[in-house]
Amino acid sequence: MNLIQKEVEKCDSLSGFFIIMSMAGGTGSGLGAFITQKLQDQYSSSLKMNQIIWPYGTGEVIVQNYNSILTLSHLYRSSDALLIHENDAVHKICAKQMNIKQISFRDLNQVLAHQLGSVFQPTYSEDGSFPYRRDPLGDLMEHLVPHPEFKMLGVRNIPQMSENSLAYSTFTWAGLLKHLRQMLISGAKMEEGINWQVRPPLSGLPPLGKMSVHKDLHLNTSVANLVILRGKDVQSADVEGFKDPALYTSWLEPVHAFSMWKTQRAFDKYEKSAALVSNSQLLVKPLDMIVGKAWNMFASKAYIHQYTRFGMEEEDFLDSFTLLEQVVASYGSLGP
Amino acid sequence: MEEGVVNEILQGPLRDVFDSKQLITDISGSGNNWAVGHKVFGSLYREQILEKLRKSAEHCDCLQCFFVIHSMGGGTGSGLGTFLLKVLEDEFPEVYRFVTAVYPSSEDDVITSPYNSMLAMKELNEHADCVLPIDNQSLFDIISKIDLVVNSGKLGTTVKPKSLVTSNMGAVTKRHKKPFDAMNNIVANLLLSLTSSARFEGSLNMDLNEISMNLVPFPQLHYLVSSLTPLYTLADVNIPPRRLDQMFSDAFSKDHQLMQADPRHSLYLACALIVRGDVQISDLRRNIERLKPALQFVSWNQEGWKTSLCSVPPVGHSHSLLALANNTCVKPTFMELRERFMRLYKKKAHLHHYLQVDGMEESAFAEAVSSLSALIQEYNELDATKSMPVPDVPRLSVAM
């Protein structure tokens, strides 16, 4: 905390804290959650965003599900927003989009860094006082976390491709935005293999009701979305498709739920690129899966002695489960 | 203990490895008697041992774990070795205790080995955090297989004659009937791989406490079957992916296990893969996906894999894999141990050698048997769940 205080004192204007951690292990997850709590106590008026690495579904750490539910439940109480990156999704991007044969952690981290850069690099500010947005972290949290029960954010970023493929591709804003919108609606995590069957009901008509229960056609309902456009002719980009009320939950108007940032400056090697930070049902399925697996293991009491020997109790586990089941239910109820 | 043995090592090529201040010797050994090792030498040398331990421990910035390496069949190793476990638990309760125990094979030359092993087992059950059982027969089989491949010339120039695993450069004297140096080499490699993450960098590090954490779901079930691949090096440095995949497959074959066990056909509680060398996360994941369907995992740990990647391979190899399995295949070894014990115990043969030691009572034997039986019963119960469908545990329901 002393080190943090030194850094904070150097700032003219503190935007907030960005905490990068994993969920599966012990240090990142446990210590990360602890520090977030301490920041909450000491800097209660500052914003905190935790960037979390969601582990591979199988085989990083055996007790990763326990560590994950304990971390998530603690962070839900002390953090303001959780920006989540799933290893499985990033791995697929490396394999399918970037065409990397032998994927290493370095490759995964590169995609991650690219996604973060596409969100937090400077964009034009809305008011006239300063050309560039001064507090992207604060603005992002303000736009995307209107309600404390809904804190889980995911990032989608296109295009993502290898240098070789890039040489033969051209992009239009219309094309990029169409793909990005469909990724949002269908819950796709990358550009390849998007399910185009998922469609929002036509405006004016009543919602599809029972028909939309079919899993594959489930429309991913959002609390709030932020689209960030970088590149040539960005003024001509048309984002009306993202303002469709059918995409959003009923208690928030699209004008409040949707926001857009932009800059003419291209990002990385892409002439035009579009990123989407979304607070939506996208992460419910992975969360539900982790809670289920952790619960199954908890029911057999396996590995519990490893936690209780350090002062934890079964009660702590139960509290975590309860909180997360609540989150799953809340996100689940967003739809029509 | 035995001065003669210790002196021989101190004159050999490994003499510089050992710190002479840390050696404790006595004139004679324990006479293959667990009671002598445990009670007599234990009480005699407790203070000395403790002092030397404390001195070494003080040098450490962060003491993670103790490795206790001993045999189960003899007197000193099993008796004094397990006595040490209790001392470590009392004096350093937070430090993990890893035991590499060499179990007697069916054809071993110590008649009282079943007694020694049984009495030692009780101590391991209660005071060790993690046990890696090994037996000489398996090591011998592995060495024989390597010799066969290397000498048959079948692989021709593709096999390097002297790799780290097969080398017996540390041989002290002329060849014994059993190639103990080569066999010990395998165990040495096992320990090196275990600590490789602590000594070298890698993209996915693993500390020793993580082994205990991930592989021991319940305190008593801490016996891990180990296997090491590859066992010989290929001269061709650009290993095609097929060879890499072969390395992973071999780790699960019963010929590569360091004890007589077949994990493939028993139930896995957890499995750790410690990979060294130029292997990436995608190779690791690909192989786990490939091998998973053929293995049976317990219902509450269907994805019970712990993985670690260290960039530095063992000397002479381009990559290697150590697999540690918490698997019910250890059960037959324990059951056989119990059977051999009962055969002697029923006749009360050789019992007087133990009972005449101060502090040794016959109840110790009965307690040891019941401790092992309880352990076997736990494995039995787990095996019974093998073919049952995965139970559906109802989730918590929350009010909206």
# chains A, B, ... in the order shown; residues from 1 in each chain; ligands from 1
>>> interface_residues(of="chain B", to="chain A", cutoff="9 Å", atoms="only C-alpha atoms", output="PyMOL selection string")
chain B and resi 203-204+210+212-219+270-272+279-283+285+288+299-308+391-400
>>> residues_around(residues="Ser118 of chain A", least_positions_apart="3", cutoff="10 Å", atoms="only C-alpha atoms", output="PyMOL selection string")
chain A and resi 112-115+121-123+155-158+228-230+266-268+273-276
>>> write_last_selection(atoms="N, CA, C and O atoms", output="PDB file, in the first residue's frame")
ATOM      1  N   LEU A 112      -4.132 -10.001 -26.196  1.00  0.00           N
ATOM      2  CA  LEU A 112      -4.710  -9.302 -25.051  1.00  0.00           C
ATOM      3  C   LEU A 112      -4.286  -7.841 -25.025  1.00  0.00           C
ATOM      4  O   LEU A 112      -5.097  -6.941 -24.836  1.00  0.00           O
ATOM      5  N   ALA A 113      -2.999  -7.626 -25.213  1.00  0.00           N
ATOM      6  CA  ALA A 113      -2.472  -6.260 -25.174  1.00  0.00           C
ATOM      7  C   ALA A 113      -3.100  -5.442 -26.289  1.00  0.00           C
ATOM      8  O   ALA A 113      -3.447  -4.274 -26.113  1.00  0.00           O
ATOM      9  N   HIS A 114      -3.258  -6.069 -27.445  1.00  0.00           N
ATOM     10  CA  HIS A 114      -3.878  -5.392 -28.582  1.00  0.00           C
ATOM     11  C   HIS A 114      -5.304  -4.974 -28.247  1.00  0.00           C
ATOM     12  O   HIS A 114      -5.737  -3.862 -28.538  1.00  0.00           O
ATOM     13  N   GLN A 115      -6.049  -5.887 -27.609  1.00  0.00           N
ATOM     14  CA  GLN A 115      -7.429  -5.571 -27.253  1.00  0.00           C
ATOM     15  C   GLN A 115      -7.491  -4.416 -26.265  1.00  0.00           C
ATOM     16  O   GLN A 115      -8.308  -3.508 -26.403  1.00  0.00           O
ATOM     17  N   GLN A 121      -6.380   3.450 -25.829  1.00  0.00           N
ATOM     18  CA  GLN A 121      -5.613   4.465 -26.553  1.00  0.00           C
ATOM     19  C   GLN A 121      -6.490   5.713 -26.717  1.00  0.00           C
ATOM     20  O   GLN A 121      -7.709   5.620 -26.694  1.00  0.00           O
ATOM     21  N   PRO A 122      -5.876   6.874 -26.888  1.00  0.00           N
ATOM     22  CA  PRO A 122      -6.655   8.118 -26.913  1.00  0.00           C
ATOM     23  C   PRO A 122      -7.734   8.148 -27.991  1.00  0.00           C
ATOM     24  O   PRO A 122      -7.568   7.613 -29.080  1.00  0.00           O
ATOM     25  N   THR A 123      -8.852   8.787 -27.650  1.00  0.00           N
ATOM     26  CA  THR A 123      -9.929   9.027 -28.616  1.00  0.00           C
ATOM     27  C   THR A 123     -10.406  10.464 -28.418  1.00  0.00           C
ATOM     28  O   THR A 123     -10.115  11.072 -27.393  1.00  0.00           O
ATOM     29  N   VAL A 155     -14.547  -7.733 -24.022  1.00  0.00           N
ATOM     30  CA  VAL A 155     -14.025  -6.944 -25.142  1.00  0.00           C
ATOM     31  C   VAL A 155     -14.051  -7.774 -26.421  1.00  0.00           C
ATOM     32  O   VAL A 155     -13.671  -8.941 -26.413  1.00  0.00           O
ATOM     33  N   ARG A 156     -14.530  -7.167 -27.509  1.00  0.00           N
ATOM     34  CA  ARG A 156     -14.410  -7.797 -28.827  1.00  0.00           C
ATOM     35  C   ARG A 156     -13.706  -6.792 -29.715  1.00  0.00           C
ATOM     36  O   ARG A 156     -13.976  -5.603 -29.632  1.00  0.00           O
ATOM     37  N   ASN A 157     -12.841  -7.280 -30.558  1.00  0.00           N
ATOM     38  CA  ASN A 157     -12.055  -6.343 -31.350  1.00  0.00           C
ATOM     39  C   ASN A 157     -11.813  -6.923 -32.732  1.00  0.00           C
ATOM     40  O   ASN A 157     -11.344  -8.054 -32.860  1.00  0.00           O
ATOM     41  N   ILE A 158     -12.209  -6.150 -33.764  1.00  0.00           N
ATOM     42  CA  ILE A 158     -11.926  -6.623 -35.129  1.00  0.00           C
ATOM     43  C   ILE A 158     -11.307  -5.502 -35.945  1.00  0.00           C
ATOM     44  O   ILE A 158     -11.556  -4.331 -35.651  1.00  0.00           O
ATOM     45  N   ILE A 228     -15.759   1.566 -30.109  1.00  0.00           N
ATOM     46  CA  ILE A 228     -14.610   2.459 -30.298  1.00  0.00           C
ATOM     47  C   ILE A 228     -14.065   2.271 -31.708  1.00  0.00           C
ATOM     48  O   ILE A 228     -13.672   1.165 -32.085  1.00  0.00           O
ATOM     49  N   LEU A 229     -14.070   3.358 -32.489  1.00  0.00           N
ATOM     50  CA  LEU A 229     -13.646   3.255 -33.883  1.00  0.00           C
ATOM     51  C   LEU A 229     -12.358   4.021 -34.113  1.00  0.00           C
ATOM     52  O   LEU A 229     -12.216   5.164 -33.686  1.00  0.00           O
ATOM     53  N   ARG A 230     -11.436   3.369 -34.788  1.00  0.00           N
ATOM     54  CA  ARG A 230     -10.152   4.017 -35.040  1.00  0.00           C
ATOM     55  C   ARG A 230      -9.779   3.867 -36.506  1.00  0.00           C
ATOM     56  O   ARG A 230      -9.716   2.752 -37.033  1.00  0.00           O
ATOM     57  N   ALA A 266      -5.199   5.633 -36.952  1.00  0.00           N
ATOM     58  CA  ALA A 266      -5.307   4.175 -37.047  1.00  0.00           C
ATOM     59  C   ALA A 266      -4.584   3.518 -35.874  1.00  0.00           C
ATOM     60  O   ALA A 266      -3.687   4.097 -35.286  1.00  0.00           O
ATOM     61  N   PHE A 267      -4.988   2.326 -35.557  1.00  0.00           N
ATOM     62  CA  PHE A 267      -4.379   1.610 -34.435  1.00  0.00           C
ATOM     63  C   PHE A 267      -3.594   0.396 -34.921  1.00  0.00           C
ATOM     64  O   PHE A 267      -4.085  -0.383 -35.735  1.00  0.00           O
ATOM     65  N   ASP A 268      -2.393   0.247 -34.435  1.00  0.00           N
ATOM     66  CA  ASP A 268      -1.525  -0.881 -34.779  1.00  0.00           C
ATOM     67  C   ASP A 268      -1.381  -0.918 -36.298  1.00  0.00           C
ATOM     68  O   ASP A 268      -1.143   0.099 -36.925  1.00  0.00           O
ATOM     69  N   SER A 273     -10.193  -0.078 -37.555  1.00  0.00           N
ATOM     70  CA  SER A 273     -10.501  -1.132 -36.591  1.00  0.00           C
ATOM     71  C   SER A 273     -11.604  -0.676 -35.655  1.00  0.00           C
ATOM     72  O   SER A 273     -11.772   0.513 -35.393  1.00  0.00           O
ATOM     73  N   ALA A 274     -12.351  -1.664 -35.173  1.00  0.00           N
ATOM     74  CA  ALA A 274     -13.482  -1.367 -34.300  1.00  0.00           C
ATOM     75  C   ALA A 274     -13.443  -2.277 -33.092  1.00  0.00           C
ATOM     76  O   ALA A 274     -13.227  -3.482 -33.213  1.00  0.00           O
ATOM     77  N   ALA A 275     -13.646  -1.663 -31.914  1.00  0.00           N
ATOM     78  CA  ALA A 275     -13.672  -2.460 -30.690  1.00  0.00           C
ATOM     79  C   ALA A 275     -15.022  -2.279 -30.019  1.00  0.00           C
ATOM     80  O   ALA A 275     -15.667  -1.238 -30.143  1.00  0.00           O
ATOM     81  N   LEU A 276     -15.428  -3.311 -29.297  1.00  0.00           N
ATOM     82  CA  LEU A 276     -16.696  -3.254 -28.581  1.00  0.00           C
ATOM     83  C   LEU A 276     -16.454  -3.680 -27.143  1.00  0.00           C
ATOM     84  O   LEU A 276     -15.948  -4.768 -26.901  1.00  0.00           O
TER      85      LEU A 276
END
>>> atom_distance(atom1="atom CA of Gly30 of chain A", atom2="atom CA of Gly138 of chain A")
25.4 Å
>>> select_by_dssp(residues="segment 143-332 of chain A", states="helix (DSSP H, G or I)", output="JSON, numbers by chain")
{"A": [143, 144, 163, 164, 165, 166, 173, 174, 175, 176, 177, 178, 179, 180, 181, 182, 183, 184, 185, 186, 209, 210, 211, 212, 213, 215, 216, 217, 234, 235, 236, 240, 241, 242, 243, 245, 246, 247, 254, 255, 256, 257, 281, 282, 283, 284, 285, 286, 287, 288, 289, 290, 291, 292, 293, 294, 295, 296, 297, 298, 299, 304, 305, 306, 307, 308, 314, 315, 316, 317, 318, 319, 320, 321, 322, 323, 324, 325, 326, 327, 328, 329, 330, 331, 332]}
>>> select_by_dssp(residues="segment 14-80 of chain A", states="strand (DSSP E)", output="list in words")
Gly16, Phe17, Phe18, Ile19, Ile20, Met21, Ser22, Leu47, Lys48, Met49, Asn50, Gln51, Ile52, Ile53 and Trp54 of chain A
>>> residues_around(residues="Ser44 of chain A", least_positions_apart="3", cutoff="12 Å", atoms="only C-alpha atoms", output="compact mmCIF listing (two decimals) with N, CA, C and O atoms, in the first residue's frame")
# COMPACT_ATOMS: atom_id res chain seq x y z
N GLY A 16 -8.09 6.46 -11.57
CA GLY A 16 -8.54 5.27 -10.87
C GLY A 16 -7.46 4.21 -10.93
O GLY A 16 -6.32 4.49 -11.29
N PHE A 17 -7.82 3.00 -10.56
CA PHE A 17 -6.87 1.91 -10.52
C PHE A 17 -7.25 0.82 -11.51
O PHE A 17 -8.42 0.49 -11.66
N THR A 36 -7.51 -5.28 -3.95
CA THR A 36 -8.67 -4.52 -4.40
C THR A 36 -9.49 -4.08 -3.19
O THR A 36 -9.97 -2.94 -3.13
N GLN A 37 -9.64 -4.96 -2.24
CA GLN A 37 -10.37 -4.63 -1.03
C GLN A 37 -9.70 -3.48 -0.29
O GLN A 37 -10.35 -2.55 0.15
N LYS A 38 -8.39 -3.56 -0.19
CA LYS A 38 -7.64 -2.51 0.51
C LYS A 38 -7.78 -1.17 -0.21
O LYS A 38 -7.88 -0.12 0.42
N LEU A 39 -7.78 -1.23 -1.55
CA LEU A 39 -7.94 0.01 -2.32
C LEU A 39 -9.33 0.60 -2.07
O LEU A 39 -9.50 1.81 -1.96
N GLN A 40 -10.29 -0.28 -1.97
CA GLN A 40 -11.65 0.16 -1.68
C GLN A 40 -11.69 0.87 -0.34
O GLN A 40 -12.32 1.91 -0.17
N ASP A 41 -10.98 0.30 0.64
CA ASP A 41 -10.98 0.91 1.97
C ASP A 41 -10.27 2.25 1.97
O ASP A 41 -10.75 3.23 2.52
N LEU A 47 -12.15 5.10 -8.73
CA LEU A 47 -12.71 3.96 -9.45
C LEU A 47 -11.69 2.84 -9.56
O LEU A 47 -10.50 3.08 -9.66
N LYS A 48 -12.18 1.61 -9.52
CA LYS A 48 -11.28 0.48 -9.69
C LYS A 48 -11.82 -0.43 -10.76
O LYS A 48 -12.98 -0.81 -10.74
N SER A 78 -15.95 -5.53 -3.94
CA SER A 78 -15.04 -4.40 -3.73
C SER A 78 -14.60 -3.69 -5.01
O SER A 78 -14.02 -2.61 -4.93
N SER A 79 -14.86 -4.26 -6.18
CA SER A 79 -14.41 -3.58 -7.40
C SER A 79 -15.59 -2.89 -8.09
O SER A 79 -16.74 -3.18 -7.80
N ASP A 80 -15.27 -1.95 -9.02
CA ASP A 80 -16.35 -1.25 -9.70
C ASP A 80 -16.68 -1.87 -11.05
O ASP A 80 -17.79 -1.76 -11.53
>>> closest_residue(among="A:Ile19, A:Leu177, A:Ile100, A:Met289", to="Glu163 of chain A", atoms="only C-alpha atoms")
A:Ile100
>>> closest_atom_pairs(of="segment 213-327 of chain B", to="segment 379-385 of chain B", cutoff="12 Å", atoms="only C-alpha atoms", output="CSV")
residue,atom,partner,partner_atom,distance
B:Phe218,CA,B:Tyr379,CA,11.5
B:Gln220,CA,B:Tyr379,CA,10.2
B:Leu221,CA,B:Tyr379,CA,8.3
B:His222,CA,B:Tyr379,CA,11.4
B:Tyr223,CA,B:Tyr379,CA,11.0
B:His265,CA,B:Asp383,CA,10.8
B:Ser266,CA,B:Asp383,CA,7.6
B:Leu267,CA,B:Asp383,CA,6.4
B:Tyr268,CA,B:Asp383,CA,9.5
B:Leu269,CA,B:Leu382,CA,8.9
B:Gln296,CA,B:Asp383,CA,10.4
B:Phe297,CA,B:Thr385,CA,10.2
B:Val298,CA,B:Thr385,CA,7.6
B:Ser299,CA,B:Thr385,CA,8.0
B:Trp300,CA,B:Thr385,CA,10.7
B:Asn326,CA,B:Tyr379,CA,10.8
B:Asn327,CA,B:Tyr379,CA,8.8
>>> write_last_selection(atoms="N, CA and C atoms", output="PDB file, in the first residue's frame")
ATOM      1  N   PHE B 218      -7.734 -35.011  -0.513  1.00  0.00           N
ATOM      2  CA  PHE B 218      -8.051 -35.330   0.877  1.00  0.00           C
ATOM      3  C   PHE B 218      -6.755 -35.693   1.570  1.00  0.00           C
ATOM      4  N   GLN B 220      -5.462 -37.909   3.532  1.00  0.00           N
ATOM      5  CA  GLN B 220      -4.798 -39.213   3.542  1.00  0.00           C
ATOM      6  C   GLN B 220      -4.362 -39.654   2.153  1.00  0.00           C
ATOM      7  N   LEU B 221      -5.063 -39.171   1.122  1.00  0.00           N
ATOM      8  CA  LEU B 221      -4.770 -39.671  -0.220  1.00  0.00           C
ATOM      9  C   LEU B 221      -3.663 -38.847  -0.856  1.00  0.00           C
ATOM     10  N   HIS B 222      -2.446 -39.049  -0.343  1.00  0.00           N
ATOM     11  CA  HIS B 222      -1.344 -38.244  -0.844  1.00  0.00           C
ATOM     12  C   HIS B 222      -0.247 -39.069  -1.487  1.00  0.00           C
ATOM     13  N   TYR B 223      -0.619 -40.178  -2.111  1.00  0.00           N
ATOM     14  CA  TYR B 223       0.374 -41.026  -2.778  1.00  0.00           C
ATOM     15  C   TYR B 223       0.329 -40.789  -4.279  1.00  0.00           C
ATOM     16  N   HIS B 265      -5.839 -47.916 -16.301  1.00  0.00           N
ATOM     17  CA  HIS B 265      -7.033 -48.714 -16.067  1.00  0.00           C
ATOM     18  C   HIS B 265      -7.593 -48.548 -14.673  1.00  0.00           C
ATOM     19  N   SER B 266      -7.100 -47.553 -13.966  1.00  0.00           N
ATOM     20  CA  SER B 266      -7.661 -47.264 -12.645  1.00  0.00           C
ATOM     21  C   SER B 266      -8.221 -45.859 -12.656  1.00  0.00           C
ATOM     22  N   LEU B 267      -8.614 -45.411 -11.473  1.00  0.00           N
ATOM     23  CA  LEU B 267      -9.314 -44.128 -11.399  1.00  0.00           C
ATOM     24  C   LEU B 267      -8.366 -42.999 -11.016  1.00  0.00           C
ATOM     25  N   TYR B 268      -8.398 -41.913 -11.794  1.00  0.00           N
ATOM     26  CA  TYR B 268      -7.583 -40.749 -11.492  1.00  0.00           C
ATOM     27  C   TYR B 268      -8.315 -39.815 -10.533  1.00  0.00           C
ATOM     28  N   LEU B 269      -7.590 -39.369  -9.516  1.00  0.00           N
ATOM     29  CA  LEU B 269      -8.155 -38.323  -8.668  1.00  0.00           C
ATOM     30  C   LEU B 269      -7.635 -36.972  -9.147  1.00  0.00           C
ATOM     31  N   GLN B 296      -9.872 -42.392 -16.908  1.00  0.00           N
ATOM     32  CA  GLN B 296     -11.052 -42.206 -16.065  1.00  0.00           C
ATOM     33  C   GLN B 296     -10.728 -41.304 -14.889  1.00  0.00           C
ATOM     34  N   PHE B 297     -11.455 -40.197 -14.802  1.00  0.00           N
ATOM     35  CA  PHE B 297     -11.272 -39.289 -13.682  1.00  0.00           C
ATOM     36  C   PHE B 297     -12.473 -39.373 -12.754  1.00  0.00           C
ATOM     37  N   VAL B 298     -12.229 -39.129 -11.485  1.00  0.00           N
ATOM     38  CA  VAL B 298     -13.305 -39.187 -10.504  1.00  0.00           C
ATOM     39  C   VAL B 298     -14.342 -38.120 -10.834  1.00  0.00           C
ATOM     40  N   SER B 299     -15.597 -38.371 -10.469  1.00  0.00           N
ATOM     41  CA  SER B 299     -16.693 -37.521 -10.944  1.00  0.00           C
ATOM     42  C   SER B 299     -16.543 -36.051 -10.573  1.00  0.00           C
ATOM     43  N   TRP B 300     -15.986 -35.759  -9.382  1.00  0.00           N
ATOM     44  CA  TRP B 300     -15.911 -34.341  -8.995  1.00  0.00           C
ATOM     45  C   TRP B 300     -14.631 -33.671  -9.482  1.00  0.00           C
ATOM     46  N   ASN B 326      -2.357 -38.918  -8.978  1.00  0.00           N
ATOM     47  CA  ASN B 326      -2.992 -39.407  -7.762  1.00  0.00           C
ATOM     48  C   ASN B 326      -4.055 -40.378  -8.252  1.00  0.00           C
ATOM     49  N   ASN B 327      -3.750 -41.639  -8.179  1.00  0.00           N
ATOM     50  CA  ASN B 327      -4.555 -42.633  -8.872  1.00  0.00           C
ATOM     51  C   ASN B 327      -4.750 -43.849  -7.985  1.00  0.00           C
TER      52      ASN B 327
END
>>> residues_around(residues="Ser56 of chain B", least_positions_apart="4", cutoff="12 Å", atoms="only C-alpha atoms", output="mmCIF file with N, CA, C and O atoms, in the first residue's frame")
data_model
loop_
_atom_site.group_PDB
_atom_site.id
_atom_site.type_symbol
_atom_site.label_atom_id
_atom_site.label_comp_id
_atom_site.auth_asym_id
_atom_site.auth_seq_id
_atom_site.Cartn_x
_atom_site.Cartn_y
_atom_site.Cartn_z
ATOM 1 N N ASP B 19 27.679 -31.731 1.965
ATOM 2 C CA ASP B 19 28.338 -30.871 2.940
ATOM 3 C C ASP B 19 28.711 -31.710 4.148
ATOM 4 O O ASP B 19 27.842 -32.223 4.840
ATOM 5 N N LYS B 21 29.602 -31.094 6.987
ATOM 6 C CA LYS B 21 29.095 -30.698 8.302
ATOM 7 C C LYS B 21 27.707 -31.264 8.544
ATOM 8 O O LYS B 21 27.217 -31.262 9.658
ATOM 9 N N GLN B 22 27.074 -31.743 7.461
ATOM 10 C CA GLN B 22 25.696 -32.177 7.617
ATOM 11 C C GLN B 22 25.557 -33.681 7.771
ATOM 12 O O GLN B 22 24.465 -34.193 7.713
ATOM 13 N N ILE B 49 20.310 -34.058 14.886
ATOM 14 C CA ILE B 49 19.601 -33.882 13.619
ATOM 15 C C ILE B 49 18.938 -32.513 13.584
ATOM 16 O O ILE B 49 19.037 -31.762 12.615
ATOM 17 N N LEU B 50 18.254 -32.196 14.677
ATOM 18 C CA LEU B 50 17.518 -30.942 14.741
ATOM 19 C C LEU B 50 18.442 -29.750 14.559
ATOM 20 O O LEU B 50 18.134 -28.787 13.851
ATOM 21 N N GLU B 51 19.604 -29.842 15.213
ATOM 22 C CA GLU B 51 20.542 -28.717 15.137
ATOM 23 C C GLU B 51 21.018 -28.503 13.709
ATOM 24 O O GLU B 51 21.050 -27.381 13.218
ATOM 25 N N LYS B 52 21.387 -29.606 13.040
ATOM 26 C CA LYS B 52 21.876 -29.476 11.670
ATOM 27 C C LYS B 52 20.777 -28.958 10.750
ATOM 28 O O LYS B 52 21.013 -28.159 9.852
ATOM 29 N N CYS B 60 17.988 -20.231 4.440
ATOM 30 C CA CYS B 60 16.971 -20.068 3.397
ATOM 31 C C CYS B 60 16.178 -18.788 3.560
ATOM 32 O O CYS B 60 15.728 -18.463 4.653
ATOM 33 N N ASP B 61 15.969 -18.087 2.425
ATOM 34 C CA ASP B 61 15.080 -16.919 2.445
ATOM 35 C C ASP B 61 13.650 -17.381 2.616
ATOM 36 O O ASP B 61 12.873 -16.795 3.339
ATOM 37 N N CYS B 62 13.344 -18.424 1.872
ATOM 38 C CA CYS B 62 11.958 -18.881 1.858
ATOM 39 C C CYS B 62 11.975 -20.397 1.748
ATOM 40 O O CYS B 62 12.188 -20.950 0.689
ATOM 41 N N LEU B 63 11.775 -21.051 2.876
ATOM 42 C CA LEU B 63 11.860 -22.507 2.896
ATOM 43 C C LEU B 63 10.536 -23.100 2.422
ATOM 44 O O LEU B 63 9.508 -22.934 3.068
ATOM 45 N N PHE B 66 10.717 -29.855 2.442
ATOM 46 C CA PHE B 66 11.777 -30.805 2.714
ATOM 47 C C PHE B 66 11.567 -32.035 1.844
ATOM 48 O O PHE B 66 10.457 -32.526 1.714
#
>>> residues_around(residues="Tyr45 of chain B", least_positions_apart="6", cutoff="12 Å", atoms="only C-alpha atoms", output="list in words")
Met1, Leu23, Ile24, Thr25, Asp26, Gly37, His38, Lys39, Glu51, Lys52, Leu80, Phe83, Leu84 and Val87 of chain B
>>> atom_distance(atom1="atom CA of Met121 of chain B", atom2="atom CA of Gln377 of chain B")
15.0 Å
>>> residues_around(residues="segment 234-246 of chain A", least_positions_apart="3", cutoff="10 Å", atoms="only C-alpha atoms", output="number ranges by chain")
A: 172-174, 176-178, 180-182, 184-185, 199-204, 207, 219, 221-222, 225-227, 229-231, 249-250, 252-260, 262-266, 272-273, 335-336
>>> residues_around(residues="segment 128-140 of chain B", least_positions_apart="4", cutoff="9 Å", atoms="only C-alpha atoms", output="PyMOL selection string")
chain B and resi 82+85-86+89+96-107+123-124+144-145+178-180+182-184+186-187+211-212+215-216+219-226+255-260+324+330
>>> atom_distance(atom1="atom CA of Glu367 of chain B", atom2="atom CA of Ser30 of chain B")
22.3 Å
>>> decode(residues="segment 46-53 of chain B", atoms="N, CA, C and O atoms", output="PDB file, in the first residue's frame")
ATOM      1  N   ARG B  46      18.259 -37.251  17.934  1.00  0.00           N
ATOM      2  CA  ARG B  46      17.253 -36.217  17.689  1.00  0.00           C
ATOM      3  C   ARG B  46      17.834 -34.804  17.764  1.00  0.00           C
ATOM      4  O   ARG B  46      17.626 -33.988  16.878  1.00  0.00           O
ATOM      5  N   GLU B  47      18.563 -34.550  18.834  1.00  0.00           N
ATOM      6  CA  GLU B  47      19.091 -33.199  19.015  1.00  0.00           C
ATOM      7  C   GLU B  47      20.069 -32.820  17.914  1.00  0.00           C
ATOM      8  O   GLU B  47      20.017 -31.728  17.364  1.00  0.00           O
ATOM      9  N   GLN B  48      20.959 -33.770  17.594  1.00  0.00           N
ATOM     10  CA  GLN B  48      21.954 -33.507  16.548  1.00  0.00           C
ATOM     11  C   GLN B  48      21.288 -33.196  15.219  1.00  0.00           C
ATOM     12  O   GLN B  48      21.628 -32.242  14.525  1.00  0.00           O
ATOM     13  N   ILE B  49      20.310 -34.058  14.886  1.00  0.00           N
ATOM     14  CA  ILE B  49      19.601 -33.882  13.619  1.00  0.00           C
ATOM     15  C   ILE B  49      18.938 -32.513  13.584  1.00  0.00           C
ATOM     16  O   ILE B  49      19.037 -31.762  12.615  1.00  0.00           O
ATOM     17  N   LEU B  50      18.254 -32.196  14.677  1.00  0.00           N
ATOM     18  CA  LEU B  50      17.518 -30.942  14.741  1.00  0.00           C
ATOM     19  C   LEU B  50      18.442 -29.750  14.559  1.00  0.00           C
ATOM     20  O   LEU B  50      18.134 -28.787  13.851  1.00  0.00           O
ATOM     21  N   GLU B  51      19.604 -29.842  15.213  1.00  0.00           N
ATOM     22  CA  GLU B  51      20.542 -28.717  15.137  1.00  0.00           C
ATOM     23  C   GLU B  51      21.018 -28.503  13.709  1.00  0.00           C
ATOM     24  O   GLU B  51      21.050 -27.381  13.218  1.00  0.00           O
ATOM     25  N   LYS B  52      21.387 -29.606  13.040  1.00  0.00           N
ATOM     26  CA  LYS B  52      21.876 -29.476  11.670  1.00  0.00           C
ATOM     27  C   LYS B  52      20.777 -28.958  10.750  1.00  0.00           C
ATOM     28  O   LYS B  52      21.013 -28.159   9.852  1.00  0.00           O
ATOM     29  N   LEU B  53      19.531 -29.396  10.985  1.00  0.00           N
ATOM     30  CA  LEU B  53      18.419 -28.924  10.171  1.00  0.00           C
ATOM     31  C   LEU B  53      18.229 -27.425  10.342  1.00  0.00           C
ATOM     32  O   LEU B  53      18.064 -26.688   9.378  1.00  0.00           O
TER      33      LEU B  53
END
